[in-house]
Amino acid sequence: MKRNKSTVFIKYFAISNPDRQNILKMGCQTRLDVFPVAIDFEKYHVDVKKTSFPTLFHLGAMDWRPNKEGLEWFLDEVWPDIETLSSELRFYIAGKNMQKQFFDYDSDNLIVEGEIFDAVEFMNSKAIMIVPLLSGSGMRVKIIEGMAMQKCIIATTMAAEGINCKHGRDIMIADTPDEFYRAILQCITQPNKWREIGQHARKTVERDHEINTNAKRMLDIYHILTAG
């Protein structure tokens, strides 16, 4: 941003605190603020009457390798034990560029939908969001959106990186098959648990990821930079 021909203002923004720390370690000397993913909450209307239970779901682009590898791991290492918990339990998988291998999984309780028309309505209709990422970096927008839709999210530590959330309050963290099993079992046997976590999740993202609040904070910083 230029104020005149001789003065150039340089400003960097990081999307999360872990990213900020990594940039600082690389030698960044300028002021570095964190601006997380921000969303317009008017687009995320929750209608609990439309939510079916017990349901699990995964939503993500399947041409992104971390999504593909994480889901493969979950289906191979976790799902065989999970689907025996209840004959009524269903696991829905959706996302663009769905690989053929996912349609070939032999499971009566697994529904592979591929690309969907309305992600918000899809999330609204399901109860528990599964995010089993084992690699990748940055902030997961789909987790932010799931929290905005009051979903109980069960995710790996890596998947939740950079999001200001607390295990057992507004998200559930699971990194091993046993931890996923225990978290899912708790949610489907204690329905109030997943509802409570979803309600806390919505409040957390309203506080940290509301688009107008973040835009105003960014504008205030630009005003400070250009005022001197």
# chains A, B, ... in the order shown; residues from 1 in each chain; ligands from 1
call {"tool": "residues_around", "arguments": {"residues": "Phe91 of chain A", "least_positions_apart": "5", "cutoff": "7 Å", "atoms": "only C-alpha atoms", "output": "list in words"}}
result
Thr55, Leu56, Phe57, Asn109, Leu110 and Ile111 of chain A
call {"tool": "write_last_selection", "arguments": {"atoms": "N, CA, C and O atoms", "output": "PDB file, in the first residue's frame"}}
result
ATOM      1  N   THR A  55     -26.409 -40.003  12.715  1.00  0.00           N
ATOM      2  CA  THR A  55     -25.751 -39.858  11.421  1.00  0.00           C
ATOM      3  C   THR A  55     -24.371 -39.229  11.592  1.00  0.00           C
ATOM      4  O   THR A  55     -24.181 -38.303  12.379  1.00  0.00           O
ATOM      5  N   LEU A  56     -23.424 -39.756  10.826  1.00  0.00           N
ATOM      6  CA  LEU A  56     -22.091 -39.184  10.707  1.00  0.00           C
ATOM      7  C   LEU A  56     -21.945 -38.674   9.281  1.00  0.00           C
ATOM      8  O   LEU A  56     -22.615 -39.157   8.372  1.00  0.00           O
ATOM      9  N   PHE A  57     -21.057 -37.702   9.089  1.00  0.00           N
ATOM     10  CA  PHE A  57     -20.808 -37.270   7.716  1.00  0.00           C
ATOM     11  C   PHE A  57     -19.402 -36.710   7.556  1.00  0.00           C
ATOM     12  O   PHE A  57     -18.784 -36.238   8.507  1.00  0.00           O
ATOM     13  N   ASN A 109     -24.140 -49.454   5.692  1.00  0.00           N
ATOM     14  CA  ASN A 109     -24.419 -48.214   6.429  1.00  0.00           C
ATOM     15  C   ASN A 109     -23.653 -47.012   5.896  1.00  0.00           C
ATOM     16  O   ASN A 109     -23.711 -45.933   6.471  1.00  0.00           O
ATOM     17  N   LEU A 110     -22.898 -47.194   4.815  1.00  0.00           N
ATOM     18  CA  LEU A 110     -22.106 -46.116   4.220  1.00  0.00           C
ATOM     19  C   LEU A 110     -22.797 -45.622   2.948  1.00  0.00           C
ATOM     20  O   LEU A 110     -23.083 -46.409   2.045  1.00  0.00           O
ATOM     21  N   ILE A 111     -23.081 -44.311   2.911  1.00  0.00           N
ATOM     22  CA  ILE A 111     -23.740 -43.715   1.744  1.00  0.00           C
ATOM     23  C   ILE A 111     -22.798 -42.691   1.125  1.00  0.00           C
ATOM     24  O   ILE A 111     -22.457 -41.680   1.753  1.00  0.00           O
TER      25      ILE A 111
END
call {"tool": "closest_atom_pairs", "arguments": {"of": "segment 71-103 of chain A", "to": "segment 130-151 of chain A", "cutoff": "8 Å", "atoms": "only C-alpha atoms", "output": "Markdown table"}}
result
| residue | atom | partner | partner_atom | distance |
| --- | --- | --- | --- | --- |
| A:Leu71 | CA | A:Pro132 | CA | 6.4 |
| A:Trp73 | CA | A:Pro132 | CA | 7.9 |
| A:Phe74 | CA | A:Pro132 | CA | 6.5 |
call {"tool": "write_last_selection", "arguments": {"atoms": "N, CA, C and O atoms", "output": "PDB file, in the first residue's frame"}}
result
ATOM      1  N   LEU A  71      -9.666 -39.982   4.751  1.00  0.00           N
ATOM      2  CA  LEU A  71     -10.903 -40.755   4.665  1.00  0.00           C
ATOM      3  C   LEU A  71     -10.613 -42.234   4.446  1.00  0.00           C
ATOM      4  O   LEU A  71     -11.291 -43.101   5.011  1.00  0.00           O
ATOM      5  N   TRP A  73      -8.032 -43.833   5.555  1.00  0.00           N
ATOM      6  CA  TRP A  73      -7.607 -44.330   6.869  1.00  0.00           C
ATOM      7  C   TRP A  73      -8.813 -44.573   7.769  1.00  0.00           C
ATOM      8  O   TRP A  73      -8.918 -45.621   8.432  1.00  0.00           O
ATOM      9  N   PHE A  74      -9.749 -43.630   7.794  1.00  0.00           N
ATOM     10  CA  PHE A  74     -10.920 -43.763   8.655  1.00  0.00           C
ATOM     11  C   PHE A  74     -11.769 -44.971   8.250  1.00  0.00           C
ATOM     12  O   PHE A  74     -12.214 -45.749   9.102  1.00  0.00           O
TER      13      PHE A  74
END
call {"tool": "residues_around", "arguments": {"residues": "Ala155 of chain A", "least_positions_apart": "3", "cutoff": "10 Å", "atoms": "only C-alpha atoms", "output": "ChimeraX atom specification"}}
result
/A:129-134,143,152,158-161,167,171-175,180,183
call {"tool": "write_last_selection", "arguments": {"atoms": "all heavy atoms", "output": "tab-separated table (two decimals), in the first residue's frame"}}
result
chain	number	residue	atom	x	y	z
A	129	MET	N	-19.94	-34.49	12.46
A	129	MET	CA	-19.01	-34.29	11.36
A	129	MET	C	-17.67	-34.97	11.68
A	129	MET	O	-17.10	-34.76	12.74
A	129	MET	CB	-18.79	-32.80	11.13
A	129	MET	CG	-17.94	-32.44	9.94
A	129	MET	SD	-17.85	-30.62	9.76
A	129	MET	CE	-17.04	-30.49	8.16
A	130	ILE	N	-17.19	-35.77	10.75
A	130	ILE	CA	-15.93	-36.50	10.92
A	130	ILE	C	-14.86	-35.86	10.03
A	130	ILE	O	-15.04	-35.74	8.82
A	130	ILE	CB	-16.10	-37.98	10.53
A	130	ILE	CG1	-17.23	-38.64	11.34
A	130	ILE	CG2	-14.78	-38.73	10.71
A	130	ILE	CD1	-16.97	-38.67	12.84
A	131	VAL	N	-13.73	-35.46	10.63
A	131	VAL	CA	-12.63	-34.84	9.87
A	131	VAL	C	-11.33	-35.54	10.27
A	131	VAL	O	-10.59	-35.08	11.14
A	131	VAL	CB	-12.53	-33.32	10.13
A	131	VAL	CG1	-11.59	-32.68	9.12
A	131	VAL	CG2	-13.90	-32.65	10.07
A	132	PRO	N	-10.98	-36.64	9.59
A	132	PRO	CA	-9.84	-37.46	10.00
A	132	PRO	C	-8.54	-37.13	9.26
A	132	PRO	O	-7.84	-38.04	8.79
A	132	PRO	CB	-10.32	-38.87	9.67
A	132	PRO	CG	-11.14	-38.67	8.42
A	132	PRO	CD	-11.77	-37.30	8.54
A	133	LEU	N	-8.19	-35.86	9.15
A	133	LEU	CA	-6.99	-35.49	8.40
A	133	LEU	C	-5.72	-35.92	9.13
A	133	LEU	O	-5.58	-35.73	10.34
A	133	LEU	CB	-6.95	-33.98	8.18
A	133	LEU	CG	-7.99	-33.40	7.22
A	133	LEU	CD1	-7.74	-31.91	7.02
A	133	LEU	CD2	-7.98	-34.11	5.88
A	134	LEU	N	-4.79	-36.46	8.35
A	134	LEU	CA	-3.51	-36.90	8.90
A	134	LEU	C	-2.34	-36.08	8.36
A	134	LEU	O	-1.20	-36.28	8.77
A	134	LEU	CB	-3.28	-38.39	8.56
A	134	LEU	CG	-4.41	-39.34	8.97
A	134	LEU	CD1	-4.11	-40.75	8.47
A	134	LEU	CD2	-4.61	-39.32	10.48
A	143	ILE	N	-14.45	-27.10	8.69
A	143	ILE	CA	-14.67	-27.20	10.13
A	143	ILE	C	-15.35	-25.93	10.63
A	143	ILE	O	-16.29	-26.00	11.45
A	143	ILE	CB	-13.36	-27.47	10.88
A	143	ILE	CG1	-12.86	-28.89	10.58
A	143	ILE	CG2	-13.55	-27.29	12.39
A	143	ILE	CD1	-11.62	-29.30	11.34
A	152	CYS	N	-21.55	-31.21	15.92
A	152	CYS	CA	-20.51	-31.79	16.77
A	152	CYS	C	-19.45	-32.34	15.84
A	152	CYS	O	-19.73	-33.21	15.01
A	152	CYS	CB	-21.09	-32.90	17.64
A	152	CYS	SG	-19.83	-33.76	18.60
A	158	MET	N	-4.47	-32.38	13.91
A	158	MET	CA	-4.00	-31.67	12.73
A	158	MET	C	-5.15	-30.96	12.02
A	158	MET	O	-5.01	-29.83	11.55
A	158	MET	CB	-3.29	-32.62	11.78
A	158	MET	CG	-2.75	-31.97	10.52
A	158	MET	SD	-1.59	-33.02	9.63
A	158	MET	CE	-0.18	-32.99	10.76
A	159	ALA	N	-6.30	-31.60	11.95
A	159	ALA	CA	-7.45	-31.00	11.28
A	159	ALA	C	-7.90	-29.73	11.99
A	159	ALA	O	-8.33	-28.77	11.36
A	159	ALA	CB	-8.59	-32.00	11.18
A	160	ALA	N	-7.82	-29.73	13.32
A	160	ALA	CA	-8.30	-28.60	14.12
A	160	ALA	C	-7.23	-27.52	14.32
A	160	ALA	O	-7.50	-26.52	15.01
A	160	ALA	CB	-8.78	-29.10	15.47
A	161	GLU	N	-6.07	-27.69	13.73
A	161	GLU	CA	-4.97	-26.74	13.93
A	161	GLU	C	-5.39	-25.32	13.56
A	161	GLU	O	-6.01	-25.07	12.53
A	161	GLU	CB	-3.77	-27.14	13.07
A	161	GLU	CG	-2.56	-26.25	13.25
A	161	GLU	CD	-1.40	-26.67	12.37
A	161	GLU	OE1	-1.43	-26.34	11.18
A	161	GLU	OE2	-0.49	-27.36	12.87
A	167	HIS	N	-11.18	-29.25	23.30
A	167	HIS	CA	-11.68	-30.63	23.27
A	167	HIS	C	-12.72	-30.84	24.37
A	167	HIS	O	-12.51	-30.49	25.54
A	167	HIS	CB	-10.52	-31.59	23.48
A	167	HIS	CG	-10.95	-33.01	23.69
A	167	HIS	ND1	-11.68	-33.73	22.77
A	167	HIS	CD2	-10.76	-33.85	24.77
A	167	HIS	CE1	-11.91	-34.95	23.23
A	167	HIS	NE2	-11.36	-35.04	24.43
A	171	ILE	N	-15.58	-28.98	20.37
A	171	ILE	CA	-15.09	-29.94	19.38
A	171	ILE	C	-14.66	-31.18	20.14
A	171	ILE	O	-14.49	-31.14	21.38
A	171	ILE	CB	-13.90	-29.36	18.57
A	171	ILE	CG1	-13.68	-30.13	17.27
A	171	ILE	CG2	-12.63	-29.33	19.43
A	171	ILE	CD1	-12.69	-29.46	16.33
A	172	MET	N	-14.51	-32.30	19.43
A	172	MET	CA	-13.93	-33.50	20.03
A	172	MET	C	-12.71	-33.88	19.21
A	172	MET	O	-12.80	-34.00	17.98
A	172	MET	CB	-14.94	-34.64	20.08
A	172	MET	CG	-16.16	-34.31	20.92
A	172	MET	SD	-17.24	-35.74	21.24
A	172	MET	CE	-16.32	-36.58	22.52
A	173	ILE	N	-11.57	-34.04	19.88
A	173	ILE	CA	-10.31	-34.37	19.22
A	173	ILE	C	-10.06	-35.87	19.34
A	173	ILE	O	-10.14	-36.45	20.42
A	173	ILE	CB	-9.14	-33.59	19.83
A	173	ILE	CG1	-9.35	-32.09	19.68
A	173	ILE	CG2	-7.82	-34.01	19.19
A	173	ILE	CD1	-9.39	-31.60	18.24
A	174	ALA	N	-9.74	-36.49	18.20
A	174	ALA	CA	-9.42	-37.92	18.17
A	174	ALA	C	-8.30	-38.15	17.16
A	174	ALA	O	-8.40	-37.70	16.02
A	174	ALA	CB	-10.66	-38.73	17.80
A	175	ASP	N	-7.26	-38.83	17.57
A	175	ASP	CA	-6.11	-39.07	16.69
A	175	ASP	C	-5.85	-40.54	16.41
A	175	ASP	O	-5.04	-40.86	15.54
A	175	ASP	CB	-4.85	-38.44	17.30
A	175	ASP	CG	-4.90	-36.93	17.28
A	175	ASP	OD1	-5.23	-36.35	16.23
A	175	ASP	OD2	-4.62	-36.30	18.33
A	180	PHE	N	-11.34	-42.21	18.14
A	180	PHE	CA	-12.51	-41.96	17.30
A	180	PHE	C	-13.68	-42.84	17.76
A	180	PHE	O	-14.82	-42.37	17.85
A	180	PHE	CB	-12.19	-42.24	15.83
A	180	PHE	CG	-11.73	-41.03	15.07
A	180	PHE	CD1	-10.39	-40.82	14.81
A	180	PHE	CD2	-12.65	-40.09	14.60
A	180	PHE	CE1	-9.95	-39.70	14.10
A	180	PHE	CE2	-12.23	-38.97	13.90
A	180	PHE	CZ	-10.89	-38.78	13.65
A	183	ALA	N	-15.16	-41.46	21.00
A	183	ALA	CA	-15.85	-40.19	20.79
A	183	ALA	C	-17.19	-40.40	20.10
A	183	ALA	O	-18.22	-39.82	20.50
A	183	ALA	CB	-14.98	-39.25	19.98
call {"tool": "select_by_dssp", "arguments": {"residues": "segment 11-192 of chain A", "states": "helix (DSSP H, G or I)", "output": "tab-separated table (two decimals) with N, CA and C atoms, in the first residue's frame"}}
result
chain	number	residue	atom	x	y	z
A	17	ASN	N	-2.64	-18.64	14.39
A	17	ASN	CA	-1.47	-18.42	15.24
A	17	ASN	C	-0.32	-19.38	14.91
A	18	PRO	N	-0.59	-20.66	14.62
A	18	PRO	CA	0.53	-21.53	14.20
A	18	PRO	C	1.21	-21.02	12.94
A	19	ASP	N	0.44	-20.52	11.96
A	19	ASP	CA	1.05	-19.96	10.76
A	19	ASP	C	1.86	-18.72	11.09
A	20	ARG	N	1.35	-17.90	12.01
A	20	ARG	CA	2.08	-16.69	12.42
A	20	ARG	C	3.43	-17.07	13.03
A	21	GLN	N	3.44	-18.08	13.89
A	21	GLN	CA	4.68	-18.50	14.53
A	21	GLN	C	5.67	-19.03	13.49
A	22	ASN	N	5.18	-19.77	12.51
A	22	ASN	CA	6.07	-20.29	11.48
A	22	ASN	C	6.68	-19.17	10.64
A	23	ILE	N	5.88	-18.16	10.32
A	23	ILE	CA	6.39	-17.02	9.54
A	23	ILE	C	7.44	-16.25	10.34
A	24	LEU	N	7.19	-16.07	11.64
A	24	LEU	CA	8.17	-15.38	12.48
A	24	LEU	C	9.48	-16.16	12.57
A	25	LYS	N	9.39	-17.49	12.62
A	25	LYS	CA	10.60	-18.32	12.68
A	25	LYS	C	11.43	-18.19	11.41
A	41	PHE	N	-22.52	-15.22	8.66
A	41	PHE	CA	-23.41	-16.12	9.39
A	41	PHE	C	-24.85	-16.07	8.90
A	42	GLU	N	-25.18	-15.10	8.12
A	42	GLU	CA	-26.54	-15.05	7.55
A	42	GLU	C	-26.77	-16.21	6.59
A	43	LYS	N	-25.69	-16.83	6.10
A	43	LYS	CA	-25.82	-17.94	5.17
A	43	LYS	C	-25.90	-19.29	5.88
A	48	VAL	N	-32.73	-27.54	13.50
A	48	VAL	CA	-32.49	-28.83	14.15
A	48	VAL	C	-33.58	-29.85	13.81
A	49	LYS	N	-34.74	-29.38	13.40
A	49	LYS	CA	-35.83	-30.30	13.05
A	49	LYS	C	-35.48	-31.12	11.81
A	50	LYS	N	-34.54	-30.63	11.00
A	50	LYS	CA	-34.14	-31.33	9.78
A	50	LYS	C	-32.97	-32.30	10.01
A	65	ARG	N	-5.34	-34.40	-1.67
A	65	ARG	CA	-4.78	-35.65	-1.15
A	65	ARG	C	-5.01	-35.85	0.35
A	66	PRO	N	-4.82	-34.84	1.22
A	66	PRO	CA	-5.07	-35.07	2.65
A	66	PRO	C	-6.49	-35.55	2.94
A	67	ASN	N	-7.50	-35.01	2.23
A	67	ASN	CA	-8.87	-35.49	2.43
A	67	ASN	C	-8.99	-36.96	2.03
A	68	LYS	N	-8.44	-37.30	0.87
A	68	LYS	CA	-8.53	-38.67	0.36
A	68	LYS	C	-7.82	-39.64	1.30
A	69	GLU	N	-6.60	-39.31	1.71
A	69	GLU	CA	-5.84	-40.21	2.56
A	69	GLU	C	-6.48	-40.36	3.94
A	70	GLY	N	-6.97	-39.23	4.49
A	70	GLY	CA	-7.60	-39.28	5.80
A	70	GLY	C	-8.86	-40.12	5.80
A	71	LEU	N	-9.67	-39.98	4.75
A	71	LEU	CA	-10.90	-40.75	4.67
A	71	LEU	C	-10.61	-42.23	4.45
A	72	GLU	N	-9.60	-42.54	3.63
A	72	GLU	CA	-9.20	-43.94	3.45
A	72	GLU	C	-8.82	-44.57	4.79
A	73	TRP	N	-8.03	-43.83	5.56
A	73	TRP	CA	-7.61	-44.33	6.87
A	73	TRP	C	-8.81	-44.57	7.77
A	74	PHE	N	-9.75	-43.63	7.79
A	74	PHE	CA	-10.92	-43.76	8.66
A	74	PHE	C	-11.77	-44.97	8.25
A	75	LEU	N	-11.99	-45.14	6.95
A	75	LEU	CA	-12.82	-46.25	6.48
A	75	LEU	C	-12.16	-47.60	6.72
A	76	ASP	N	-10.84	-47.65	6.64
A	76	ASP	CA	-10.12	-48.91	6.83
A	76	ASP	C	-9.90	-49.24	8.30
A	77	GLU	N	-9.58	-48.24	9.11
A	77	GLU	CA	-9.14	-48.48	10.47
A	77	GLU	C	-10.20	-48.21	11.54
A	79	TRP	N	-14.01	-47.25	10.73
A	79	TRP	CA	-15.39	-47.51	10.37
A	79	TRP	C	-15.86	-48.95	10.60
A	80	PRO	N	-15.07	-49.98	10.32
A	80	PRO	CA	-15.56	-51.35	10.54
A	80	PRO	C	-16.07	-51.59	11.96
A	81	ASP	N	-15.45	-50.99	12.96
A	81	ASP	CA	-15.93	-51.14	14.33
A	81	ASP	C	-17.10	-50.20	14.62
A	82	ILE	N	-17.09	-49.02	14.01
A	82	ILE	CA	-18.14	-48.04	14.27
A	82	ILE	C	-19.50	-48.54	13.75
A	100	LYS	N	-13.58	-43.26	-7.35
A	100	LYS	CA	-14.37	-44.47	-7.54
A	100	LYS	C	-14.21	-45.44	-6.39
A	101	GLN	N	-13.05	-45.49	-5.78
A	101	GLN	CA	-12.79	-46.45	-4.73
A	101	GLN	C	-13.75	-46.29	-3.54
A	102	PHE	N	-14.22	-45.05	-3.31
A	102	PHE	CA	-15.11	-44.84	-2.19
A	102	PHE	C	-16.51	-45.40	-2.46
A	103	PHE	N	-16.91	-45.40	-3.73
A	103	PHE	CA	-18.19	-46.01	-4.08
A	103	PHE	C	-18.13	-47.53	-3.96
A	119	ALA	N	-24.21	-27.44	0.26
A	119	ALA	CA	-23.42	-27.94	1.39
A	119	ALA	C	-24.07	-27.60	2.73
A	120	VAL	N	-24.69	-26.43	2.83
A	120	VAL	CA	-25.32	-26.02	4.09
A	120	VAL	C	-26.48	-26.95	4.42
A	121	GLU	N	-27.32	-27.24	3.45
A	121	GLU	CA	-28.45	-28.14	3.68
A	121	GLU	C	-27.97	-29.55	4.00
A	122	PHE	N	-26.89	-29.97	3.34
A	122	PHE	CA	-26.32	-31.29	3.63
A	122	PHE	C	-25.87	-31.36	5.08
A	123	MET	N	-25.13	-30.36	5.54
A	123	MET	CA	-24.68	-30.34	6.92
A	123	MET	C	-25.84	-30.25	7.90
A	124	ASN	N	-26.85	-29.47	7.53
A	124	ASN	CA	-28.00	-29.29	8.41
A	124	ASN	C	-28.72	-30.61	8.67
A	141	VAL	N	-11.61	-24.73	6.40
A	141	VAL	CA	-12.82	-23.94	6.25
A	141	VAL	C	-14.06	-24.78	6.55
A	142	LYS	N	-14.04	-26.05	6.14
A	142	LYS	CA	-15.20	-26.90	6.37
A	142	LYS	C	-15.48	-27.10	7.86
A	143	ILE	N	-14.45	-27.10	8.69
A	143	ILE	CA	-14.67	-27.20	10.13
A	143	ILE	C	-15.35	-25.93	10.63
A	144	ILE	N	-14.88	-24.78	10.19
A	144	ILE	CA	-15.51	-23.51	10.58
A	144	ILE	C	-16.98	-23.51	10.17
A	145	GLU	N	-17.26	-23.97	8.95
A	145	GLU	CA	-18.64	-24.01	8.48
A	145	GLU	C	-19.47	-25.02	9.28
A	146	GLY	N	-18.87	-26.16	9.60
A	146	GLY	CA	-19.58	-27.15	10.41
A	146	GLY	C	-19.90	-26.62	11.79
A	147	MET	N	-18.97	-25.90	12.39
A	147	MET	CA	-19.22	-25.29	13.70
A	147	MET	C	-20.34	-24.25	13.59
A	148	ALA	N	-20.34	-23.49	12.51
A	148	ALA	CA	-21.39	-22.49	12.30
A	148	ALA	C	-22.76	-23.15	12.19
A	177	PRO	N	-7.66	-44.75	16.12
A	177	PRO	CA	-8.93	-45.46	15.95
A	177	PRO	C	-9.71	-45.59	17.25
A	178	ASP	N	-9.02	-45.89	18.34
A	178	ASP	CA	-9.70	-46.04	19.62
A	178	ASP	C	-10.33	-44.73	20.09
A	179	GLU	N	-9.62	-43.61	19.89
A	179	GLU	CA	-10.16	-42.31	20.29
A	179	GLU	C	-11.38	-41.93	19.44
A	180	PHE	N	-11.34	-42.21	18.14
A	180	PHE	CA	-12.51	-41.96	17.30
A	180	PHE	C	-13.68	-42.84	17.76
A	181	TYR	N	-13.40	-44.10	18.03
A	181	TYR	CA	-14.45	-45.03	18.46
A	181	TYR	C	-15.12	-44.51	19.74
A	182	ARG	N	-14.31	-44.13	20.72
A	182	ARG	CA	-14.86	-43.67	22.00
A	182	ARG	C	-15.66	-42.37	21.83
A	183	ALA	N	-15.16	-41.46	21.00
A	183	ALA	CA	-15.85	-40.19	20.79
A	183	ALA	C	-17.19	-40.40	20.10
A	184	ILE	N	-17.21	-41.23	19.07
A	184	ILE	CA	-18.45	-41.50	18.35
A	184	ILE	C	-19.44	-42.26	19.24
A	185	LEU	N	-18.94	-43.23	19.99
A	185	LEU	CA	-19.80	-43.98	20.91
A	185	LEU	C	-20.45	-43.04	21.92
A	186	GLN	N	-19.66	-42.12	22.47
A	186	GLN	CA	-20.20	-41.18	23.44
A	186	GLN	C	-21.30	-40.31	22.83
A	187	CYS	N	-21.09	-39.88	21.59
A	187	CYS	CA	-22.06	-39.00	20.94
A	187	CYS	C	-23.36	-39.71	20.61
A	188	ILE	N	-23.28	-40.96	20.16
A	188	ILE	CA	-24.52	-41.63	19.75
A	188	ILE	C	-25.27	-42.24	20.92
A	189	THR	N	-24.59	-42.43	22.06
A	189	THR	CA	-25.27	-42.96	23.24
A	189	THR	C	-25.72	-41.85	24.19
A	191	PRO	N	-27.08	-38.35	23.27
A	191	PRO	CA	-27.46	-37.32	22.28
A	191	PRO	C	-27.29	-35.89	22.77
A	192	ASN	N	-27.51	-35.66	24.06
A	192	ASN	CA	-27.35	-34.29	24.58
A	192	ASN	C	-25.91	-33.81	24.47
call {"tool": "closest_residue", "arguments": {"among": "A:Lys166, A:Lys193, A:Lys203, A:Lys96", "to": "Ile128 of chain A", "atoms": "only C-alpha atoms"}}
result
A:Lys193
call {"tool": "atom_distance", "arguments": {"atom1": "atom CA of Glu113 of chain A", "atom2": "atom CA of Leu59 of chain A"}}
result
9.9 Å
